[in-house]
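K.L.:
File follows, my_file-v5.cif with mmCIF, C-alpha atoms and all ligand atoms:
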```cif
data_coords
loop_
_atom_site.label_atom_id
_atom_site.label_comp_id
_atom_site.auth_asym_id
_atom_site.auth_seq_id
_atom_site.Cartn_x
_atom_site.Cartn_y
_atom_site.Cartn_z
CA MET A 21 115.95 84.83 100.36
CA GLY A 22 112.17 85.17 100.92
CA PHE A 23 112.95 87.61 103.70
CA VAL A 24 114.18 90.23 101.21
CA LYS A 25 111.05 91.84 99.78
CA ASN A 26 110.42 93.03 96.25
CA THR A 27 109.13 96.55 95.50
CA GLU A 28 105.56 95.39 95.08
CA ASP A 29 105.46 93.75 98.52
CA ILE A 30 107.25 96.71 100.12
CA ASN A 31 104.63 99.07 98.71
CA LYS A 32 101.85 96.90 100.14
CA MET A 33 103.56 96.97 103.54
CA ARG A 34 103.90 100.76 103.28
CA ILE A 35 100.14 101.07 102.78
CA GLY A 36 99.36 98.53 105.51
CA GLY A 37 101.77 100.30 107.85
CA LYS A 38 99.96 103.63 107.50
CA ILE A 39 96.61 101.94 108.10
CA LEU A 40 97.94 100.25 111.23
CA ALA A 41 99.41 103.52 112.54
CA ASP A 42 96.04 105.25 112.11
CA ILE A 43 94.16 102.39 113.78
CA LEU A 44 96.53 102.36 116.78
CA SER A 45 96.25 106.11 117.18
CA GLU A 46 92.43 105.82 117.29
CA LEU A 47 92.67 103.01 119.86
CA ARG A 48 95.07 105.08 121.97
CA LYS A 49 92.39 107.77 122.34
CA MET A 50 90.00 105.14 123.69
CA LEU A 51 92.27 104.14 126.60
CA THR A 52 90.32 106.00 129.28
CA PRO A 53 89.16 104.99 132.78
CA GLY A 54 85.92 102.97 132.64
CA ARG A 55 86.57 101.63 129.12
CA LYS A 56 85.51 98.03 128.53
CA CYS A 57 88.41 96.10 126.98
CA LEU A 58 86.04 94.31 124.60
CA ASP A 59 84.97 97.70 123.20
CA LEU A 60 88.55 98.21 122.01
CA GLU A 61 88.42 94.85 120.23
CA LYS A 62 85.07 95.66 118.63
CA GLU A 63 86.30 99.03 117.40
CA PHE A 64 89.50 97.43 116.08
CA ILE A 65 87.56 94.83 114.06
CA ARG A 66 85.29 97.59 112.72
CA MET A 67 88.31 99.68 111.64
CA CYS A 68 89.90 96.65 109.94
CA GLN A 69 86.73 96.07 107.91
CA LYS A 70 86.51 99.74 107.00
CA ASN A 71 90.13 99.75 105.78
CA ASN A 72 89.98 96.42 103.93
CA VAL A 73 92.61 94.75 106.10
CA THR A 74 92.32 91.53 108.10
CA PRO A 75 93.29 91.08 111.78
CA THR A 76 96.13 88.55 111.58
CA CYS A 77 96.19 87.60 115.28
CA LYS A 78 92.56 86.47 115.34
CA GLY A 79 92.58 82.71 114.84
CA TYR A 80 96.40 82.57 114.63
CA ALA A 81 97.34 79.02 115.67
CA PRO A 82 101.03 78.14 115.30
CA TYR A 83 102.42 74.71 116.30
CA GLY A 84 99.24 73.21 117.75
CA MET A 85 98.47 76.25 119.91
CA PRO A 86 94.76 77.02 120.33
CA PRO A 87 93.62 79.76 117.93
CA PHE A 88 94.33 83.23 119.34
CA PRO A 89 90.83 84.47 120.26
CA THR A 90 91.02 88.18 119.35
CA GLY A 91 92.51 90.60 116.86
CA LEU A 92 94.17 92.68 119.56
CA CYS A 93 96.76 91.72 122.14
CA LEU A 94 95.96 93.78 125.22
CA SER A 95 97.98 93.63 128.45
CA ILE A 96 97.35 95.43 131.71
CA ASN A 97 99.91 96.06 134.53
CA ASN A 98 101.69 92.76 135.27
CA GLN A 99 100.26 91.00 132.23
CA SER A 100 102.96 90.44 129.61
CA VAL A 101 102.92 89.43 125.92
CA HIS A 102 100.03 87.69 124.09
CA CYS A 103 97.22 88.59 126.48
CA PHE A 104 93.79 89.25 125.03
CA PRO A 105 90.97 91.61 125.90
CA ARG A 106 88.69 89.68 128.24
CA LYS A 107 85.01 90.11 128.96
CA LYS A 108 84.19 92.23 132.02
CA VAL A 109 87.69 93.72 132.29
CA ILE A 110 87.47 97.52 132.54
CA LEU A 111 90.38 99.97 132.36
CA LYS A 112 91.02 102.09 135.42
CA ASP A 113 93.03 105.19 136.27
CA GLY A 114 96.73 104.34 136.53
CA ASP A 115 96.67 101.07 134.57
CA VAL A 116 99.71 100.48 132.34
CA VAL A 117 98.16 99.22 129.11
CA THR A 118 99.85 97.68 126.06
CA VAL A 119 98.10 97.36 122.71
CA ASP A 120 99.89 95.11 120.19
CA THR A 121 98.46 93.94 116.90
CA VAL A 122 99.14 92.73 113.37
CA ILE A 123 97.10 93.44 110.24
CA ASN A 124 97.28 91.96 106.76
CA TYR A 125 96.93 94.13 103.65
CA LYS A 126 96.81 92.26 100.33
CA GLY A 127 98.78 89.31 101.71
CA LEU A 128 101.44 91.30 103.60
CA ASN A 129 101.55 91.77 107.38
CA VAL A 130 102.60 94.72 109.52
CA ASP A 131 102.93 94.65 113.32
CA ALA A 132 103.13 97.47 115.88
CA ALA A 133 102.55 98.09 119.58
CA PHE A 134 102.58 100.82 122.21
CA SER A 135 102.09 101.18 125.95
CA THR A 136 100.53 104.03 127.87
CA ILE A 137 99.12 104.87 131.31
CA VAL A 138 95.35 105.24 131.60
CA GLY A 139 93.95 108.44 133.08
CA LYS A 140 95.66 111.04 135.21
CA GLU A 141 97.74 108.99 137.61
CA LYS A 142 101.43 109.86 137.31
CA ASP A 143 103.19 107.01 139.06
CA GLY A 144 106.93 107.64 138.53
CA LEU A 145 107.90 104.02 137.94
CA LYS A 146 105.10 103.34 135.44
CA LYS A 147 105.94 106.52 133.57
CA LYS A 148 109.63 105.62 133.43
CA LEU A 149 108.71 102.15 132.14
CA VAL A 150 106.46 103.40 129.34
CA ASP A 151 108.82 106.23 128.34
CA THR A 152 111.85 103.93 128.31
CA ALA A 153 110.11 101.35 126.11
CA GLU A 154 109.33 104.02 123.52
CA LYS A 155 112.70 105.76 123.76
CA VAL A 156 114.68 102.53 123.46
CA LEU A 157 112.61 101.45 120.45
CA TYR A 158 113.67 104.57 118.52
CA ALA A 159 117.27 104.33 119.76
CA SER A 160 117.45 100.72 118.51
CA ILE A 161 115.80 101.58 115.20
CA SER A 162 118.49 104.24 114.64
CA GLU A 163 121.06 101.40 114.42
CA VAL A 164 119.29 99.74 111.47
CA GLY A 165 120.93 99.61 108.05
CA PRO A 166 122.29 97.09 105.53
CA GLY A 167 125.33 95.20 106.84
CA VAL A 168 124.44 95.94 110.47
CA ARG A 169 124.51 92.95 112.80
CA ILE A 170 121.28 92.25 114.68
CA GLY A 171 123.32 92.16 117.88
CA ARG A 172 123.88 95.93 117.57
CA ILE A 173 120.12 96.48 117.90
CA SER A 174 119.75 93.97 120.74
CA ASN A 175 122.75 95.23 122.66
CA LYS A 176 121.66 98.86 122.45
CA MET A 177 118.21 97.96 123.72
CA GLN A 178 119.51 95.99 126.68
CA LYS A 179 122.09 98.63 127.65
CA ILE A 180 119.68 101.55 127.69
CA VAL A 181 116.92 99.64 129.51
CA GLU A 182 119.27 98.31 132.19
CA SER A 183 120.85 101.74 132.68
CA GLN A 184 117.37 102.88 133.79
CA GLY A 185 117.16 100.11 136.41
CA LEU A 186 114.62 98.24 134.27
CA ASN A 187 114.92 94.87 132.49
CA VAL A 188 114.31 93.40 129.05
CA LEU A 189 112.41 90.16 128.46
CA LYS A 190 114.60 87.29 127.26
CA ASP A 191 111.94 84.71 126.33
CA TYR A 192 110.31 86.78 123.55
CA ALA A 193 111.84 88.76 120.69
CA GLY A 194 111.31 90.88 117.61
CA HIS A 195 111.18 89.14 114.23
CA GLY A 196 111.12 89.40 110.48
CA ILE A 197 107.67 89.94 108.94
CA GLY A 198 106.02 89.66 105.53
CA ARG A 199 103.59 87.07 104.19
CA GLU A 200 103.96 85.48 107.63
CA MET A 201 103.60 87.37 110.90
CA HIS A 202 106.83 85.80 112.19
CA GLU A 203 109.70 85.34 109.75
CA TYR A 204 113.49 85.18 109.87
CA PRO A 205 115.43 86.80 111.55
CA GLU A 206 114.81 86.80 115.29
CA ILE A 207 115.67 90.09 117.02
CA PRO A 208 116.24 89.58 120.76
CA CYS A 209 116.08 92.45 123.27
CA TYR A 210 119.50 91.50 124.68
CA GLY A 211 122.89 90.33 123.51
CA ASN A 212 126.35 91.29 122.24
CA VAL A 213 127.14 93.50 119.25
CA THR A 214 128.75 90.51 117.54
CA ASP A 215 125.61 88.32 117.84
CA GLY A 216 123.35 87.36 114.95
CA ALA A 217 123.33 87.82 111.20
CA LYS A 218 123.76 91.03 109.22
CA LEU A 219 120.71 92.89 107.93
CA LEU A 220 120.17 93.15 104.18
CA GLU A 221 118.52 95.89 102.14
CA GLY A 222 114.87 94.97 101.54
CA MET A 223 114.38 93.04 104.79
CA THR A 224 111.30 93.97 106.79
CA ILE A 225 111.69 93.50 110.52
CA CYS A 226 109.75 94.12 113.72
CA ILE A 227 111.81 95.57 116.53
CA GLU A 228 110.02 94.97 119.83
CA ALA A 229 111.17 96.71 123.01
CA LEU A 230 109.86 94.36 125.72
CA VAL A 231 110.54 96.03 129.06
CA CYS A 232 109.66 95.27 132.70
CA THR A 233 110.15 96.91 136.08
CA GLY A 234 111.12 93.75 137.96
CA GLY A 235 112.75 90.44 137.08
CA ASP A 236 112.55 89.30 133.46
CA LYS A 237 110.86 85.97 134.21
CA VAL A 238 107.55 85.51 132.43
CA ILE A 239 105.05 82.77 133.30
CA ASN A 240 102.04 81.49 131.40
CA ALA A 241 98.62 82.40 132.72
CA SER A 242 96.92 80.33 129.98
CA GLU A 243 98.17 78.77 126.76
CA TRP A 244 98.63 82.23 125.23
CA GLU A 245 98.51 84.74 128.06
CA THR A 246 101.60 85.53 130.10
CA ARG A 247 102.45 87.63 133.12
CA MET A 248 105.52 88.82 134.99
CA GLU A 249 106.31 86.19 137.61
CA ASP A 250 107.18 88.71 140.32
CA GLY A 251 104.16 90.93 139.63
CA GLY A 252 106.26 93.76 138.11
CA TYR A 253 104.85 95.97 135.36
CA PHE A 254 105.35 95.28 131.65
CA ALA A 255 105.47 97.67 128.66
CA GLN A 256 106.15 97.26 124.94
CA ALA A 257 106.91 99.44 121.95
CA GLU A 258 107.13 97.97 118.46
CA HIS A 259 107.38 99.10 114.85
CA THR A 260 107.72 97.37 111.49
CA ILE A 261 110.85 98.65 109.73
CA LEU A 262 112.20 98.36 106.20
CA VAL A 263 115.99 98.12 105.78
CA THR A 264 116.80 100.63 103.04
CA LYS A 265 119.92 101.26 100.95
CA ASP A 266 121.24 103.83 103.42
CA GLY A 267 119.39 103.07 106.64
CA TYR A 268 115.78 102.40 107.47
CA GLU A 269 112.18 103.43 106.96
CA ILE A 270 109.62 103.02 109.76
CA LEU A 271 106.55 101.57 108.03
CA THR A 272 104.11 101.81 110.95
CA LEU A 273 104.31 105.58 111.53
CA LYS A 274 101.44 107.97 110.90
CA ASP A 275 101.77 110.62 108.17
CA LYS A 276 102.47 114.00 109.72
N1 LIG B 301 103.83 91.56 118.18
C1 LIG B 301 103.33 90.29 118.61
C2 LIG B 301 104.34 89.22 118.30
O1 LIG B 301 105.08 89.38 117.38
C3 LIG B 301 102.00 89.98 117.98
C4 LIG B 301 101.46 88.67 118.46
S1 LIG B 301 99.94 88.33 117.80
C5 LIG B 301 99.53 86.82 118.46
O2 LIG B 301 104.42 88.21 118.97
F1 LIG B 301 98.47 86.45 117.85
F2 LIG B 301 100.49 85.96 118.29
F3 LIG B 301 99.33 86.96 119.74
CO CO B 302 105.67 91.36 116.88
#
```
Please re-express this file's structure in structure tokens.
Ligand code: MF3
Ligand code: CO
P.N.:
Amino acid sequence: MGFVKNTEDINKMRIGGKILADILSELRKMLTPGRKCLDLEKEFIRMCQKNNVTPTCKGYAPYGMPPFPTGLCLSINNQSVHCFPRKKVILKDGDVVTVDTVINYKGLNVDAAFSTIVGKEKDGLKKKLVDTAEKVLYASISEVGPGVRIGRISNKMQKIVESQGLNVLKDYAGHGIGREMHEYPEIPCYGNVTDGAKLLEGMTICIEALVCTGGDKVINASEWETRMEDGGYFAQAEHTILVTKDGYEILTLKDK
């Protein structure tokens, strides 16, 4: 039952969640044409130090994988999950950019991501992609509550995304989170309402809307980095959510 958190751990995740929301909102402002991707990483590491949190992705090495090289996951256009900011890569007008990261506050992790379009370009398809990822994240979150089957979340996500003529990734999924970045249960972006286990009060989960404009097939570009096989665009929206007695609480939202 390690996946049901006690009050002390929940409170740590609440604090970490606010810190992560603030950090991501600062990084969002930096997504301008001409920006060096490594500058985003440097600023992220600086903000982690300032806030007394550690960047969980940096050095993350599950099942014999090489250590993840950076604190941020950063994907551009047809790059998909688990890409990192690379030297010499510079953002340009019209790029679809995804920033995804995990921080650890006093032993507890929180994970969130967003996508946006750099600069002034208003390509209809890219805009639809980014807007749908965000919209479907909130629509799926609205299903969350104790006793709710994970399949309700997954099914809602898939239905809305496909109704827009877009697709969900099948090879990657949302997940539980806590002392580990990835915990039970897995939360796929597709499926039937009867799939999966029921959520319990006190679970902390990451719902990840993983959306693409073309086919859902993802290929590896290196041991970590992935891209859409057909060159379509990719976008992602993710929050860490607490299952409460009568619904949910989004932990990675900024205070108003
Ligand atoms: N939200 C991403 C995930 O759950 C964060 C990955 S960090 C990485 O997969 F280090 F694994 F890349
Ligand atoms: Co995640």
K.L.:
Ligand LIG 301 (chain B): which residues are within 9 Å, counting all atoms listed in the file, as a PDB file with C-alpha atoms, in the coordinates of the input?
P.N.:
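Result written to part-v8.pdb:
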```
ATOM      1  CA  THR A  76      96.130  88.550 111.580  1.00  0.00           C
ATOM      2  CA  CYS A  77      96.190  87.600 115.280  1.00  0.00           C
ATOM      3  CA  LYS A  78      92.560  86.470 115.340  1.00  0.00           C
ATOM      4  CA  GLY A  79      92.580  82.710 114.840  1.00  0.00           C
ATOM      5  CA  TYR A  80      96.400  82.570 114.630  1.00  0.00           C
ATOM      6  CA  ALA A  81      97.340  79.020 115.670  1.00  0.00           C
ATOM      7  CA  PRO A  82     101.030  78.140 115.300  1.00  0.00           C
ATOM      8  CA  PRO A  87      93.620  79.760 117.930  1.00  0.00           C
ATOM      9  CA  PHE A  88      94.330  83.230 119.340  1.00  0.00           C
ATOM     10  CA  PRO A  89      90.830  84.470 120.260  1.00  0.00           C
ATOM     11  CA  THR A  90      91.020  88.180 119.350  1.00  0.00           C
ATOM     12  CA  GLY A  91      92.510  90.600 116.860  1.00  0.00           C
ATOM     13  CA  LEU A  92      94.170  92.680 119.560  1.00  0.00           C
ATOM     14  CA  CYS A  93      96.760  91.720 122.140  1.00  0.00           C
ATOM     15  CA  VAL A 101     102.920  89.430 125.920  1.00  0.00           C
ATOM     16  CA  HIS A 102     100.030  87.690 124.090  1.00  0.00           C
ATOM     17  CA  CYS A 103      97.220  88.590 126.480  1.00  0.00           C
ATOM     18  CA  PHE A 104      93.790  89.250 125.030  1.00  0.00           C
ATOM     19  CA  ASP A 120      99.890  95.110 120.190  1.00  0.00           C
ATOM     20  CA  THR A 121      98.460  93.940 116.900  1.00  0.00           C
ATOM     21  CA  VAL A 122      99.140  92.730 113.370  1.00  0.00           C
ATOM     22  CA  ASP A 131     102.930  94.650 113.320  1.00  0.00           C
ATOM     23  CA  ALA A 132     103.130  97.470 115.880  1.00  0.00           C
ATOM     24  CA  ALA A 133     102.550  98.090 119.580  1.00  0.00           C
ATOM     25  CA  TYR A 192     110.310  86.780 123.550  1.00  0.00           C
ATOM     26  CA  ALA A 193     111.840  88.760 120.690  1.00  0.00           C
ATOM     27  CA  GLY A 194     111.310  90.880 117.610  1.00  0.00           C
ATOM     28  CA  HIS A 195     111.180  89.140 114.230  1.00  0.00           C
ATOM     29  CA  ILE A 197     107.670  89.940 108.940  1.00  0.00           C
ATOM     30  CA  MET A 201     103.600  87.370 110.900  1.00  0.00           C
ATOM     31  CA  HIS A 202     106.830  85.800 112.190  1.00  0.00           C
ATOM     32  CA  CYS A 226     109.750  94.120 113.720  1.00  0.00           C
ATOM     33  CA  GLU A 228     110.020  94.970 119.830  1.00  0.00           C
ATOM     34  CA  TRP A 244      98.630  82.230 125.230  1.00  0.00           C
ATOM     35  CA  GLU A 245      98.510  84.740 128.060  1.00  0.00           C
ATOM     36  CA  GLU A 258     107.130  97.970 118.460  1.00  0.00           C
ATOM     37  CA  HIS A 259     107.380  99.100 114.850  1.00  0.00           C
TER      38      HIS A 259
END
```
K.L.:
Kindly provide the residues of stretch 52-71 of chain A that approach stretch 107-112 of chain A to within 8 Å, each paired with its closest atom pair and their distance in Å to one decimal, based on only C-alpha atoms, listed by chain and increasing number, as a tab-separated table.
P.N.:
```
residue	atom	partner	partner_atom	distance
A:Thr52	CA	A:Leu111	CA	6.8
A:Pro53	CA	A:Lys112	CA	4.3
A:Gly54	CA	A:Leu111	CA	5.4
A:Arg55	CA	A:Leu111	CA	5.3
A:Lys56	CA	A:Ile110	CA	4.5
A:Cys57	CA	A:Ile110	CA	5.8
A:Leu58	CA	A:Lys107	CA	6.1
```
K.L.:
Could you check the closest approach to ligand CO 302 (chain B) for each of A:Lys148, A:Leu273, A:Ile207, A:Glu163 and tell me which residue wins, using all atoms listed in the file?
P.N.:
A:Ile207
K.L.:
From the options A:Ile261, A:Met85, A:Ile123, A:Val238, which residue's atoms come nearest to A:Ile225, counting all atoms listed in the file?
P.N.:
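Result for the nearest residue to A:Ile225: A:Ile261.
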K.L.:
Just give me the gap between atom CA of A:Ser174 and atom CA of A:Thr136 in Å, one decimal is fine.
P.N.:
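Interatomic distance here is 22.8 Å.
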K.L.:
Between A:Arg247, A:Lys147, A:Lys274, A:Lys140, single out the one closest to A:Ser95, counting only C-alpha atoms.
P.N.:
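Result for the nearest residue to A:Ser95: A:Arg247.
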K.L.:
Work out how far atom CA of A:Val24 is from atom CA of A:Lys176, in Å to one decimal.
P.N.:
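If I compute the distance from atom CA of A:Lys176 to atom CA of A:Val24, I get 24.1 Å.
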K.L.:
Considering only C-alpha atoms, can you say which of A:Phe64, A:Tyr268, A:Tyr204, A:Phe23 comes closest to A:Ser160?
P.N.:
A:Tyr268
K.L.:
Between A:Gly36, A:Gly127, A:Gly139, A:Gly216, which one has atoms that come closest to A:Arg48, using all atoms listed in the file?
P.N.:
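Result for the nearest residue to A:Arg48: A:Gly139.
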K.L.:
Which residues come within 12 Å of A:Lys276, counting all atoms listed in the file, excluding same-chain residues fewer than 5 positions away, as JSON, numbers by chain?
P.N.:
{"A": [38, 41, 42]}
K.L.:
How many Å separate atom CA of A:Glu141 from atom CA of A:Thr233?
P.N.:
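We find that atom CA of A:Glu141 and atom CA of A:Thr233 lie 17.4 Å from each other.
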K.L.:
Considering only C-alpha atoms, can you say which of A:Gln99, A:Leu40, A:Val213, A:Met67 comes closest to A:Ser242?
P.N.:
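Of the candidates, the smallest distance to A:Ser242 is held by A:Gln99.
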K.L.:
Can you tell me which residues surround A:Lys265 at a distance of at most 10 Å, considering all atoms listed in the file, apart from same-chain residues fewer than 4 positions away, and format the answer as a list in words?
P.N.:
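Final neighbour list, sorted by chain and number: Gly165, Pro166, Leu220, Glu221 and Gly222 of chain A.
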K.L.:
How would the residues just chosen look if you wrote them out with C-alpha atoms as a short mmCIF file (atom, residue, chain, number, x, y, z; two decimals), in the frame of the given file?
P.N.:
```cif
data_model
loop_
_atom_site.label_atom_id
_atom_site.label_comp_id
_atom_site.auth_asym_id
_atom_site.auth_seq_id
_atom_site.Cartn_x
_atom_site.Cartn_y
_atom_site.Cartn_z
CA GLY A 165 120.93 99.61 108.05
CA PRO A 166 122.29 97.09 105.53
CA LEU A 220 120.17 93.15 104.18
CA GLU A 221 118.52 95.89 102.14
CA GLY A 222 114.87 94.97 101.54
#
```
K.L.:
If I wrap all listed atoms of stretch 120-134 of chain A in a box with edges along x, y and z and add 4 Å on each side, what are its centre and edge lengths in Å to one decimal, as lines of an AutoDock Vina configuration file?
P.N.:
```
center_x = 100.0
center_y = 95.1
center_z = 111.3
size_x = 14.3
size_y = 19.5
size_z = 29.9
```
K.L.:
Near A:Glu28, within 12 Å and counting only C-alpha atoms, which residues show up once chain neighbours fewer than 4 positions away are dropped, as a PyMOL selection string?
P.N.:
chain A and resi 24+32-35+126-128+198+222
